[in-house]
>>> print(open('structure.txt').read())   # compact mmCIF, C-alpha atoms and all ligand atoms
# COMPACT_ATOMS: atom_id res chain seq x y z
CA MET A 299 72.63 30.94 -7.47
CA ALA A 300 69.07 30.56 -8.75
CA LYS A 301 67.92 33.28 -11.14
CA ARG A 302 65.38 35.58 -9.51
CA ILE A 303 62.13 36.50 -11.26
CA LEU A 304 59.26 38.82 -10.29
CA ILE A 305 55.84 37.83 -11.63
CA THR A 306 53.05 40.42 -11.29
CA GLY A 307 49.52 39.06 -11.39
CA ALA A 308 50.89 35.91 -9.76
CA ALA A 309 47.56 34.88 -8.21
CA GLY A 310 45.75 35.11 -11.54
CA PHE A 311 45.15 32.44 -14.13
CA LEU A 312 48.24 32.88 -16.33
CA GLY A 313 50.41 34.35 -13.56
CA SER A 314 49.94 31.32 -11.31
CA HIS A 315 50.77 28.85 -14.10
CA LEU A 316 53.91 30.90 -14.85
CA CYS A 317 54.91 30.76 -11.16
CA ASP A 318 54.59 26.96 -11.33
CA ARG A 319 56.73 26.78 -14.44
CA PHE A 320 59.53 28.99 -13.19
CA ILE A 321 59.63 27.20 -9.83
CA ARG A 322 59.91 23.91 -11.76
CA GLU A 323 62.77 25.36 -13.80
CA GLY A 324 64.67 26.14 -10.59
CA TYR A 325 64.11 29.90 -10.43
CA SER A 326 63.54 31.88 -7.28
CA VAL A 327 60.07 33.38 -7.80
CA ILE A 328 58.53 36.48 -6.24
CA GLY A 329 54.81 36.48 -6.94
CA MET A 330 53.04 39.84 -6.63
CA ASP A 331 49.31 40.50 -6.76
CA ASN A 332 46.78 42.95 -5.31
CA LEU A 333 44.17 40.14 -5.32
CA ILE A 334 41.43 42.21 -6.99
CA THR A 335 40.80 39.61 -9.69
CA GLY A 336 43.44 37.08 -8.59
CA ASP A 337 42.88 34.41 -5.97
CA LEU A 338 45.40 33.12 -3.41
CA LYS A 339 43.97 29.64 -3.96
CA ASN A 340 45.81 29.58 -7.30
CA ILE A 341 49.19 29.74 -5.57
CA GLU A 342 48.56 28.26 -2.12
CA HIS A 343 50.40 25.08 -3.16
CA LEU A 344 53.53 27.21 -3.74
CA ILE A 345 53.66 28.82 -0.32
CA LYS A 346 55.62 25.85 1.07
CA GLU A 347 58.28 26.17 -1.66
CA LYS A 348 61.47 27.70 -0.32
CA ASN A 349 62.03 29.44 -3.67
CA PHE A 350 58.66 31.19 -3.66
CA GLU A 351 57.58 34.32 -1.86
CA PHE A 352 54.35 36.26 -2.19
CA HIS A 353 54.07 40.04 -2.02
CA HIS A 354 50.58 41.49 -1.63
CA HIS A 355 51.02 44.74 -3.52
CA ASP A 356 49.24 46.89 -6.08
CA ILE A 357 51.67 47.51 -8.92
CA THR A 358 49.89 50.78 -9.81
CA LYS A 359 51.63 52.10 -6.67
CA PHE A 360 55.40 52.60 -6.41
CA VAL A 361 57.08 49.22 -6.16
CA HIS A 362 60.23 48.21 -4.36
CA VAL A 363 61.79 44.75 -4.30
CA ALA A 364 64.90 44.19 -2.22
CA GLY A 365 67.88 42.38 -3.74
CA ASP A 366 68.74 41.45 -7.31
CA LEU A 367 66.25 40.62 -10.04
CA ASP A 368 67.08 38.90 -13.32
CA TYR A 369 63.65 38.91 -14.91
CA ILE A 370 60.22 40.52 -14.58
CA LEU A 371 57.00 39.16 -16.07
CA HIS A 372 54.26 41.81 -15.95
CA PHE A 373 50.99 39.87 -15.99
CA ALA A 374 48.87 41.93 -13.60
CA SER A 375 45.61 43.12 -15.19
CA PRO A 376 41.93 42.36 -15.23
CA ALA A 377 41.62 40.16 -18.31
CA SER A 378 37.98 39.41 -18.91
CA PRO A 379 35.63 41.89 -20.61
CA ILE A 380 33.25 41.84 -17.65
CA ASP A 381 36.07 42.61 -15.22
CA TYR A 382 37.46 45.50 -17.15
CA LEU A 383 34.03 46.97 -17.73
CA LYS A 384 33.47 46.90 -13.97
CA ILE A 385 36.87 48.31 -13.01
CA PRO A 386 37.80 50.40 -16.04
CA ILE A 387 40.05 52.89 -14.29
CA GLN A 388 42.02 50.19 -12.46
CA THR A 389 42.43 48.46 -15.84
CA LEU A 390 43.87 51.60 -17.42
CA LYS A 391 46.11 52.21 -14.42
CA VAL A 392 47.64 48.75 -14.29
CA GLY A 393 48.45 48.83 -18.01
CA SER A 394 49.94 52.33 -17.78
CA PHE A 395 51.23 53.22 -14.28
CA GLY A 396 51.69 49.54 -13.43
CA THR A 397 53.78 48.96 -16.54
CA HIS A 398 55.75 52.15 -15.90
CA HIS A 399 56.61 50.92 -12.40
CA CYS A 400 57.67 47.51 -13.71
CA LEU A 401 59.86 49.09 -16.37
CA GLY A 402 61.42 51.43 -13.81
CA LEU A 403 62.14 48.47 -11.55
CA ALA A 404 63.63 46.52 -14.47
CA LYS A 405 65.92 49.45 -15.29
CA GLU A 406 66.97 49.83 -11.65
CA LYS A 407 67.77 46.11 -11.38
CA ASN A 408 69.11 45.72 -14.91
CA ALA A 409 66.54 42.95 -15.38
CA ARG A 410 64.95 41.68 -18.58
CA ILE A 411 61.20 42.31 -18.69
CA LEU A 412 58.41 40.57 -20.59
CA ILE A 413 55.01 42.23 -20.71
CA ALA A 414 51.69 40.48 -21.29
CA SER A 415 50.13 42.20 -24.26
CA THR A 416 47.08 40.90 -26.05
CA SER A 417 45.28 40.16 -29.28
CA GLU A 418 43.02 43.05 -28.18
CA VAL A 419 45.64 45.45 -29.55
CA TYR A 420 44.19 44.40 -32.94
CA GLY A 421 40.68 45.40 -31.78
CA ASP A 422 37.95 44.23 -34.17
CA PRO A 423 40.49 43.27 -36.83
CA LEU A 424 40.11 44.07 -40.51
CA VAL A 425 43.03 41.78 -41.37
CA HIS A 426 42.67 38.03 -40.94
CA PRO A 427 44.51 36.15 -39.51
CA GLN A 428 46.29 38.80 -37.48
CA ASN A 429 50.03 39.09 -37.84
CA GLU A 430 52.26 41.34 -35.76
CA ASP A 431 52.57 43.98 -38.49
CA TYR A 432 48.86 44.78 -38.39
CA TYR A 433 48.22 48.05 -36.50
CA GLY A 434 44.73 47.12 -35.38
CA ASN A 435 41.25 48.60 -35.34
CA VAL A 436 40.38 49.77 -31.84
CA ASN A 437 37.53 52.02 -30.74
CA THR A 438 39.41 54.16 -28.23
CA ILE A 439 36.26 55.47 -26.52
CA GLY A 440 34.22 52.26 -26.45
CA PRO A 441 33.80 50.24 -23.25
CA ARG A 442 36.55 47.76 -24.24
CA GLY A 443 38.89 50.64 -25.07
CA VAL A 444 40.12 50.76 -21.46
CA TYR A 445 41.79 47.38 -21.84
CA ASP A 446 42.81 47.67 -25.47
CA GLU A 447 44.34 51.12 -25.12
CA ALA A 448 46.03 50.29 -21.81
CA LYS A 449 47.73 47.39 -23.56
CA ARG A 450 48.63 49.49 -26.60
CA PHE A 451 50.16 52.13 -24.32
CA GLN A 452 51.95 49.31 -22.51
CA GLU A 453 53.58 48.21 -25.75
CA SER A 454 54.59 51.80 -26.59
CA ILE A 455 56.19 52.57 -23.25
CA THR A 456 57.95 49.21 -23.28
CA MET A 457 59.49 49.92 -26.68
CA ALA A 458 60.42 53.43 -25.47
CA TYR A 459 62.33 51.94 -22.52
CA HIS A 460 63.96 49.51 -24.91
CA ARG A 461 65.03 52.20 -27.36
CA PHE A 462 65.79 55.04 -24.96
CA HIS A 463 67.26 53.14 -22.01
CA GLY A 464 68.49 50.03 -23.82
CA LEU A 465 66.34 47.86 -21.55
CA GLU A 466 65.94 44.21 -22.56
CA THR A 467 62.22 43.91 -23.28
CA ARG A 468 59.89 41.24 -24.66
CA ILE A 469 56.27 41.64 -25.76
CA ALA A 470 53.91 38.64 -25.89
CA ARG A 471 50.61 39.27 -27.70
CA ILE A 472 48.48 36.68 -25.99
CA PHE A 473 45.39 35.30 -27.74
CA ASN A 474 42.44 33.67 -25.92
CA THR A 475 43.91 31.16 -23.49
CA TYR A 476 42.08 28.67 -21.30
CA GLY A 477 42.62 25.93 -18.77
CA PRO A 478 42.36 25.08 -15.07
CA ARG A 479 42.23 28.05 -12.65
CA MET A 480 40.19 30.34 -14.87
CA ARG A 481 37.68 32.03 -12.62
CA LEU A 482 34.33 30.31 -13.05
CA ASN A 483 32.43 33.59 -12.99
CA ASP A 484 34.79 35.82 -14.90
CA GLY A 485 32.31 36.00 -17.77
CA ARG A 486 34.67 34.62 -20.41
CA VAL A 487 33.15 32.22 -22.82
CA ILE A 488 34.79 28.97 -21.65
CA PRO A 489 34.03 29.19 -17.93
CA ALA A 490 30.64 30.71 -18.79
CA PHE A 491 29.59 27.80 -21.03
CA ILE A 492 31.04 25.07 -18.78
CA GLY A 493 29.45 26.64 -15.70
CA GLN A 494 26.09 26.84 -17.46
CA ALA A 495 26.30 23.22 -18.60
CA LEU A 496 27.23 22.02 -15.11
CA ARG A 497 24.35 23.94 -13.52
CA GLY A 498 21.89 22.70 -16.13
CA GLU A 499 21.32 26.17 -17.59
CA ASP A 500 20.97 27.23 -21.21
CA LEU A 501 24.18 28.29 -22.93
CA THR A 502 24.21 32.02 -23.70
CA VAL A 503 25.62 32.73 -27.16
CA PHE A 504 26.10 36.46 -27.75
CA GLY A 505 24.97 37.78 -31.14
CA ASP A 506 24.30 35.08 -33.74
CA GLY A 507 27.45 33.22 -32.68
CA SER A 508 29.18 33.73 -36.02
CA GLN A 509 32.07 35.61 -34.37
CA THR A 510 35.21 33.51 -34.14
CA ARG A 511 37.90 32.90 -31.54
CA SER A 512 40.97 30.64 -31.48
CA PHE A 513 41.63 29.02 -28.12
CA CYS A 514 45.07 28.14 -26.77
CA PHE A 515 45.58 25.68 -23.90
CA VAL A 516 47.43 27.22 -20.96
CA ASP A 517 50.42 24.81 -21.06
CA ASP A 518 51.12 25.81 -24.66
CA GLN A 519 50.79 29.48 -23.76
CA VAL A 520 53.23 29.15 -20.86
CA GLU A 521 55.75 27.34 -23.07
CA GLY A 522 55.53 30.15 -25.67
CA ILE A 523 56.03 32.84 -23.02
CA TYR A 524 58.93 30.93 -21.49
CA ARG A 525 60.67 30.66 -24.84
CA LEU A 526 60.02 34.30 -25.70
CA LEU A 527 61.50 35.50 -22.41
CA LEU A 528 64.68 33.57 -23.07
CA SER A 529 64.86 34.58 -26.74
CA GLU A 530 66.78 37.58 -28.06
CA TYR A 531 63.76 39.11 -29.82
CA SER A 532 62.28 42.43 -28.69
CA ASN A 533 59.45 43.06 -31.16
CA PRO A 534 55.96 41.72 -30.34
CA VAL A 535 55.24 38.03 -30.88
CA ASN A 536 51.75 36.50 -31.16
CA ILE A 537 51.30 33.53 -28.83
CA GLY A 538 48.08 31.65 -29.47
CA ASN A 539 46.54 28.67 -31.17
CA PRO A 540 45.38 29.30 -34.77
CA ASP A 541 42.63 26.67 -34.52
CA GLU A 542 39.65 28.97 -35.16
CA ILE A 543 35.99 28.23 -34.39
CA THR A 544 32.73 30.19 -34.33
CA ILE A 545 31.22 30.73 -30.90
CA LEU A 546 28.05 28.91 -31.99
CA ASP A 547 30.00 25.80 -33.02
CA PHE A 548 31.97 26.06 -29.83
CA ALA A 549 28.76 26.08 -27.76
CA LYS A 550 27.72 22.89 -29.59
CA GLU A 551 31.11 21.33 -28.78
CA ILE A 552 30.64 22.12 -25.10
CA ILE A 553 27.21 20.48 -25.07
CA LYS A 554 28.78 17.36 -26.60
CA LEU A 555 31.73 17.40 -24.22
CA THR A 556 29.61 17.77 -21.11
CA GLY A 557 27.08 15.21 -22.27
CA THR A 558 24.25 17.53 -21.30
CA ASP A 559 21.26 18.41 -23.44
CA GLN A 560 21.26 22.13 -22.76
CA LYS A 561 19.67 24.52 -25.20
CA ILE A 562 21.49 27.41 -26.77
CA ILE A 563 19.92 30.84 -26.31
CA PHE A 564 20.98 34.00 -28.09
CA GLN A 565 21.68 37.27 -26.28
CA GLU A 566 22.76 40.69 -27.44
CA LEU A 567 26.33 40.98 -28.75
CA PRO A 568 28.40 43.27 -26.48
CA GLN A 569 29.60 46.54 -28.05
CA ASP A 570 32.85 46.24 -30.05
CA ASP A 571 32.99 42.46 -29.61
CA PRO A 572 35.57 41.44 -32.25
CA MET A 573 33.94 39.48 -35.09
CA GLN A 574 36.98 37.39 -35.91
CA ARG A 575 40.23 36.48 -34.22
CA GLN A 576 42.98 34.11 -35.25
CA PRO A 577 46.69 34.48 -34.62
CA ASP A 578 49.21 34.25 -37.41
CA ILE A 579 52.01 32.47 -35.53
CA THR A 580 54.61 32.43 -38.31
CA ARG A 581 56.90 34.64 -36.21
CA ALA A 582 56.64 32.48 -33.09
CA LYS A 583 57.37 29.38 -35.16
CA GLU A 584 60.45 30.97 -36.72
CA ILE A 585 61.90 32.72 -33.71
CA LEU A 586 60.87 30.46 -30.85
CA SER A 587 60.48 27.14 -32.70
CA TRP A 588 57.13 27.08 -30.91
CA GLU A 589 53.68 26.00 -31.87
CA PRO A 590 50.77 24.66 -29.83
CA GLN A 591 50.81 20.97 -29.02
CA VAL A 592 47.48 20.51 -27.25
CA SER A 593 44.34 20.16 -29.37
CA ARG A 594 41.12 21.88 -28.34
CA SER A 595 39.48 18.55 -27.57
CA GLU A 596 42.33 17.45 -25.27
CA GLY A 597 42.61 20.84 -23.58
CA MET A 598 38.87 21.19 -23.11
CA LYS A 599 38.67 17.74 -21.47
CA ILE A 600 41.27 18.78 -18.90
CA THR A 601 39.52 22.09 -18.33
CA TYR A 602 36.11 20.48 -17.98
CA GLU A 603 37.48 18.02 -15.40
CA HIS A 604 38.84 20.95 -13.44
CA PHE A 605 35.47 22.69 -13.27
CA ARG A 606 33.61 19.44 -12.70
CA SER A 607 35.59 18.78 -9.54
CA MET A 608 34.25 22.01 -7.99
CA SER A 609 31.75 21.78 -5.18
CA LYS A 610 28.11 22.57 -5.86
CA GLU A 611 28.48 25.57 -3.58
CA GLU A 612 31.32 26.98 -5.72
CA LEU A 613 29.35 26.33 -8.90
CA ASP A 614 26.31 28.10 -7.53
CA LYS A 615 28.31 31.24 -6.79
CA ARG A 616 26.81 32.73 -9.87
CA GLU A 617 27.35 36.37 -9.19
CA HIS A 618 30.37 38.06 -10.68
CA LYS A 619 33.14 39.10 -8.35
CA ASP A 620 32.30 42.07 -6.14
CA PHE A 621 34.86 44.80 -6.78
CA SER A 622 33.13 47.48 -4.73
CA ALA A 623 35.97 47.68 -2.19
CA HIS A 624 38.31 48.72 -5.01
CA ILE A 625 36.13 51.32 -6.66
CA ARG A 626 36.56 54.91 -5.57
CA ARG A 627 34.03 57.27 -7.09
N1 LIG B 1 30.48 34.94 -25.43
C1 LIG B 1 29.27 34.33 -25.58
N2 LIG B 1 28.59 33.93 -24.45
C2 LIG B 1 29.07 34.09 -23.20
C3 LIG B 1 30.34 34.72 -23.04
C4 LIG B 1 31.01 35.13 -24.18
O1 LIG B 1 28.78 34.14 -26.70
O2 LIG B 1 28.39 33.71 -22.23
C5 LIG B 1 31.22 35.36 -26.64
C6 LIG B 1 31.71 36.81 -26.63
O3 LIG B 1 30.69 37.69 -27.09
C7 LIG B 1 32.90 36.74 -27.57
C8 LIG B 1 33.44 35.33 -27.36
O4 LIG B 1 32.40 34.59 -26.73
O5 LIG B 1 32.46 36.86 -28.90
C9 LIG B 1 34.67 35.29 -26.47
O6 LIG B 1 34.41 36.05 -25.34
P1 LIG B 1 35.37 36.16 -24.10
O7 LIG B 1 34.69 37.02 -23.08
O8 LIG B 1 35.76 34.79 -23.67
O9 LIG B 1 36.70 36.86 -24.58
P2 LIG B 1 37.10 37.91 -25.72
O10 LIG B 1 37.77 37.10 -26.75
O11 LIG B 1 35.88 38.60 -26.28
O12 LIG B 1 37.99 38.84 -25.02
>>> encode(input="structure.txt", output="structure tokens")
Amino acid sequence: MAKRILITGAAGFLGSHLCDRFIREGYSVIGMDNLITGDLKNIEHLIKEKNFEFHHHDITKFVHVAGDLDYILHFASPASPIDYLKIPIQTLKVGSFGTHHCLGLAKEKNARILIASTSEVYGDPLVHPQNEDYYGNVNTIGPRGVYDEAKRFQESITMAYHRFHGLETRIARIFNTYGPRMRLNDGRVIPAFIGQALRGEDLTVFGDGSQTRSFCFVDDQVEGIYRLLLSEYSNPVNIGNPDEITILDFAKEIIKLTGTDQKIIFQELPQDDPMQRQPDITRAKEILSWEPQVSRSEGMKITYEHFRSMSKEELDKREHKDFSAHIRR
């Protein structure tokens, strides 16, 4: 009998790639999503698979899944700063209530659960690179706090279920990840810059561009998560690519990659934007025998091709996603 896995956030960027991977590995996959930030287009190719089923459900509400479950991957959450600034309460709820529901379901089914945590638990880090023993530097009441604190709570409640109920839990601290199926208008730096280059617009660097990020290609990320789920390790593990670059240099790389001659313009740095970020992946190397295989130049070529194949109409959909139907005041 195929192992059965529930993936929340299945119609999102990472969730959909994880569905692909687990289907390929012969699992029976239940994809769940409320489609606020996710898009059915990301999983439409899976609908014909006999081992895939989709449940349209909001995990912040009580969840029931009939039958056995072996694993749960909790990946539902807005994940771009613009999204979680626009739907802050939903962001807090999916990290807290949503995680609580997933953990309760895992306990009920005696399933192993992996939760998608984030480098944002380190906030604007004072330690560099960030290893898993660093407690972080988060402004709880700042606009980004809704995501950061939801994820920190998520880690705490997950460890509580592990210690108190003996649940098998895994925590992946995911650093900036990119690749095909990112939402063009989600405001994150890679789709933002590529979209601007393709439309012939100036590239918007926030601040002076000296802040750093370290970008991991999605296939590497999925491999790290896959290995962590199947490992016997329950403390958090950083999964990311340590190849660090300033945002200004990255903008220059995009101009080169796209062969455009766009200008770079500088805009105000968002509040609490971390000034540096680079994963220390010593733990992942030791425990998972994992490290990224795809260089930024290879990964960015694949990603650029993905966006380049979009229609002009899709590219021109400049506005950010309209969440008004999900906002109750
Ligand atoms: N950024 C930028 N221009 C943009 C979008 C983002 O300079 O049009 C910067 C942003 O301020 C941050 C970095 O790029 O320093 C990465 O931002 P992103 O939203 O991708 O993710 P974050 O790592 O901040 O969660």
>>> residues_around(input="structure.txt", residues="A:Glu347", least_positions_apart="5", cutoff="12 Å", atoms="only C-alpha atoms", output="PDB file with C-alpha atoms, in the frame of the given file")
ATOM      1  CA  CYS A 317      54.910  30.760 -11.160  1.00  0.00           C
ATOM      2  CA  ASP A 318      54.590  26.960 -11.330  1.00  0.00           C
ATOM      3  CA  PHE A 320      59.530  28.990 -13.190  1.00  0.00           C
ATOM      4  CA  ILE A 321      59.630  27.200  -9.830  1.00  0.00           C
ATOM      5  CA  ARG A 322      59.910  23.910 -11.760  1.00  0.00           C
ATOM      6  CA  GLY A 324      64.670  26.140 -10.590  1.00  0.00           C
ATOM      7  CA  TYR A 325      64.110  29.900 -10.430  1.00  0.00           C
ATOM      8  CA  SER A 326      63.540  31.880  -7.280  1.00  0.00           C
ATOM      9  CA  VAL A 327      60.070  33.380  -7.800  1.00  0.00           C
ATOM     10  CA  ILE A 328      58.530  36.480  -6.240  1.00  0.00           C
ATOM     11  CA  ILE A 341      49.190  29.740  -5.570  1.00  0.00           C
ATOM     12  CA  GLU A 342      48.560  28.260  -2.120  1.00  0.00           C
ATOM     13  CA  PHE A 352      54.350  36.260  -2.190  1.00  0.00           C
TER      14      PHE A 352
END
>>> residues_near_ligand(input="structure.txt", ligand="ligand LIG 1 (chain B)", cutoff="7 Å", atoms="all atoms listed in the file", output="PyMOL selection string")
chain A and resi 378-379+474+485-488+490-491+501-505+507+509-511+545+567-568+571-573
>>> closest_atom_pairs(input="structure.txt", of="stretch 305-396 of chain A", to="stretch 435-451 of chain A", cutoff="12 Å", atoms="all atoms listed in the file", output="tab-separated table")
residue	atom	partner	partner_atom	distance
A:His372	CA	A:Lys449	CA	11.5
A:Phe373	CA	A:Lys449	CA	11.2
A:Ala374	CA	A:Lys449	CA	11.4
A:Ser375	CA	A:Tyr445	CA	8.8
A:Pro376	CA	A:Tyr445	CA	8.3
A:Ala377	CA	A:Tyr445	CA	8.0
A:Ser378	CA	A:Tyr445	CA	9.3
A:Pro379	CA	A:Arg442	CA	7.0
A:Ile380	CA	A:Arg442	CA	9.5
A:Asp381	CA	A:Tyr445	CA	10.0
A:Tyr382	CA	A:Tyr445	CA	6.7
A:Leu383	CA	A:Pro441	CA	6.4
A:Lys384	CA	A:Pro441	CA	9.9
A:Ile385	CA	A:Val444	CA	9.4
A:Pro386	CA	A:Val444	CA	5.9
A:Ile387	CA	A:Val444	CA	7.5
A:Gln388	CA	A:Val444	CA	9.2
A:Thr389	CA	A:Tyr445	CA	6.1
A:Leu390	CA	A:Ala448	CA	5.1
A:Lys391	CA	A:Ala448	CA	7.6
A:Val392	CA	A:Ala448	CA	7.8
A:Gly393	CA	A:Ala448	CA	4.7
A:Ser394	CA	A:Ala448	CA	6.0
A:Phe395	CA	A:Ala448	CA	9.6
A:Gly396	CA	A:Ala448	CA	10.1
>>> write_last_selection(input="structure.txt", atoms="C-alpha atoms", output="mmCIF file, in the frame of the given file")
data_model
loop_
_atom_site.group_PDB
_atom_site.id
_atom_site.type_symbol
_atom_site.label_atom_id
_atom_site.label_comp_id
_atom_site.auth_asym_id
_atom_site.auth_seq_id
_atom_site.Cartn_x
_atom_site.Cartn_y
_atom_site.Cartn_z
ATOM 1 C CA HIS A 372 54.260 41.810 -15.950
ATOM 2 C CA PHE A 373 50.990 39.870 -15.990
ATOM 3 C CA ALA A 374 48.870 41.930 -13.600
ATOM 4 C CA SER A 375 45.610 43.120 -15.190
ATOM 5 C CA PRO A 376 41.930 42.360 -15.230
ATOM 6 C CA ALA A 377 41.620 40.160 -18.310
ATOM 7 C CA SER A 378 37.980 39.410 -18.910
ATOM 8 C CA PRO A 379 35.630 41.890 -20.610
ATOM 9 C CA ILE A 380 33.250 41.840 -17.650
ATOM 10 C CA ASP A 381 36.070 42.610 -15.220
ATOM 11 C CA TYR A 382 37.460 45.500 -17.150
ATOM 12 C CA LEU A 383 34.030 46.970 -17.730
ATOM 13 C CA LYS A 384 33.470 46.900 -13.970
ATOM 14 C CA ILE A 385 36.870 48.310 -13.010
ATOM 15 C CA PRO A 386 37.800 50.400 -16.040
ATOM 16 C CA ILE A 387 40.050 52.890 -14.290
ATOM 17 C CA GLN A 388 42.020 50.190 -12.460
ATOM 18 C CA THR A 389 42.430 48.460 -15.840
ATOM 19 C CA LEU A 390 43.870 51.600 -17.420
ATOM 20 C CA LYS A 391 46.110 52.210 -14.420
ATOM 21 C CA VAL A 392 47.640 48.750 -14.290
ATOM 22 C CA GLY A 393 48.450 48.830 -18.010
ATOM 23 C CA SER A 394 49.940 52.330 -17.780
ATOM 24 C CA PHE A 395 51.230 53.220 -14.280
ATOM 25 C CA GLY A 396 51.690 49.540 -13.430
#
>>> atom_distance(input="structure.txt", atom1="atom CA of A:Thr544", atom2="atom CA of A:Gln574")
8.5 Å
>>> residues_near_point(input="structure.txt", point="(56.0, 34.3, -35.8)", cutoff="12 Å", atoms="all atoms listed in the file", output="NGL selection string")
:A and (428-431 or 470-471 or 522 or 526 or 531 or 533-540 or 577-589)
>>> closest_residue(input="structure.txt", among="A:Gly307, A:Lys615, A:Leu465, A:Arg319", to="A:Glu521", atoms="all atoms listed in the file")
A:Arg319
>>> closest_residue(input="structure.txt", among="A:Ile562, A:Leu482, A:Ile543, A:Ala308", to="A:Tyr602", atoms="only C-alpha atoms")
A:Leu482
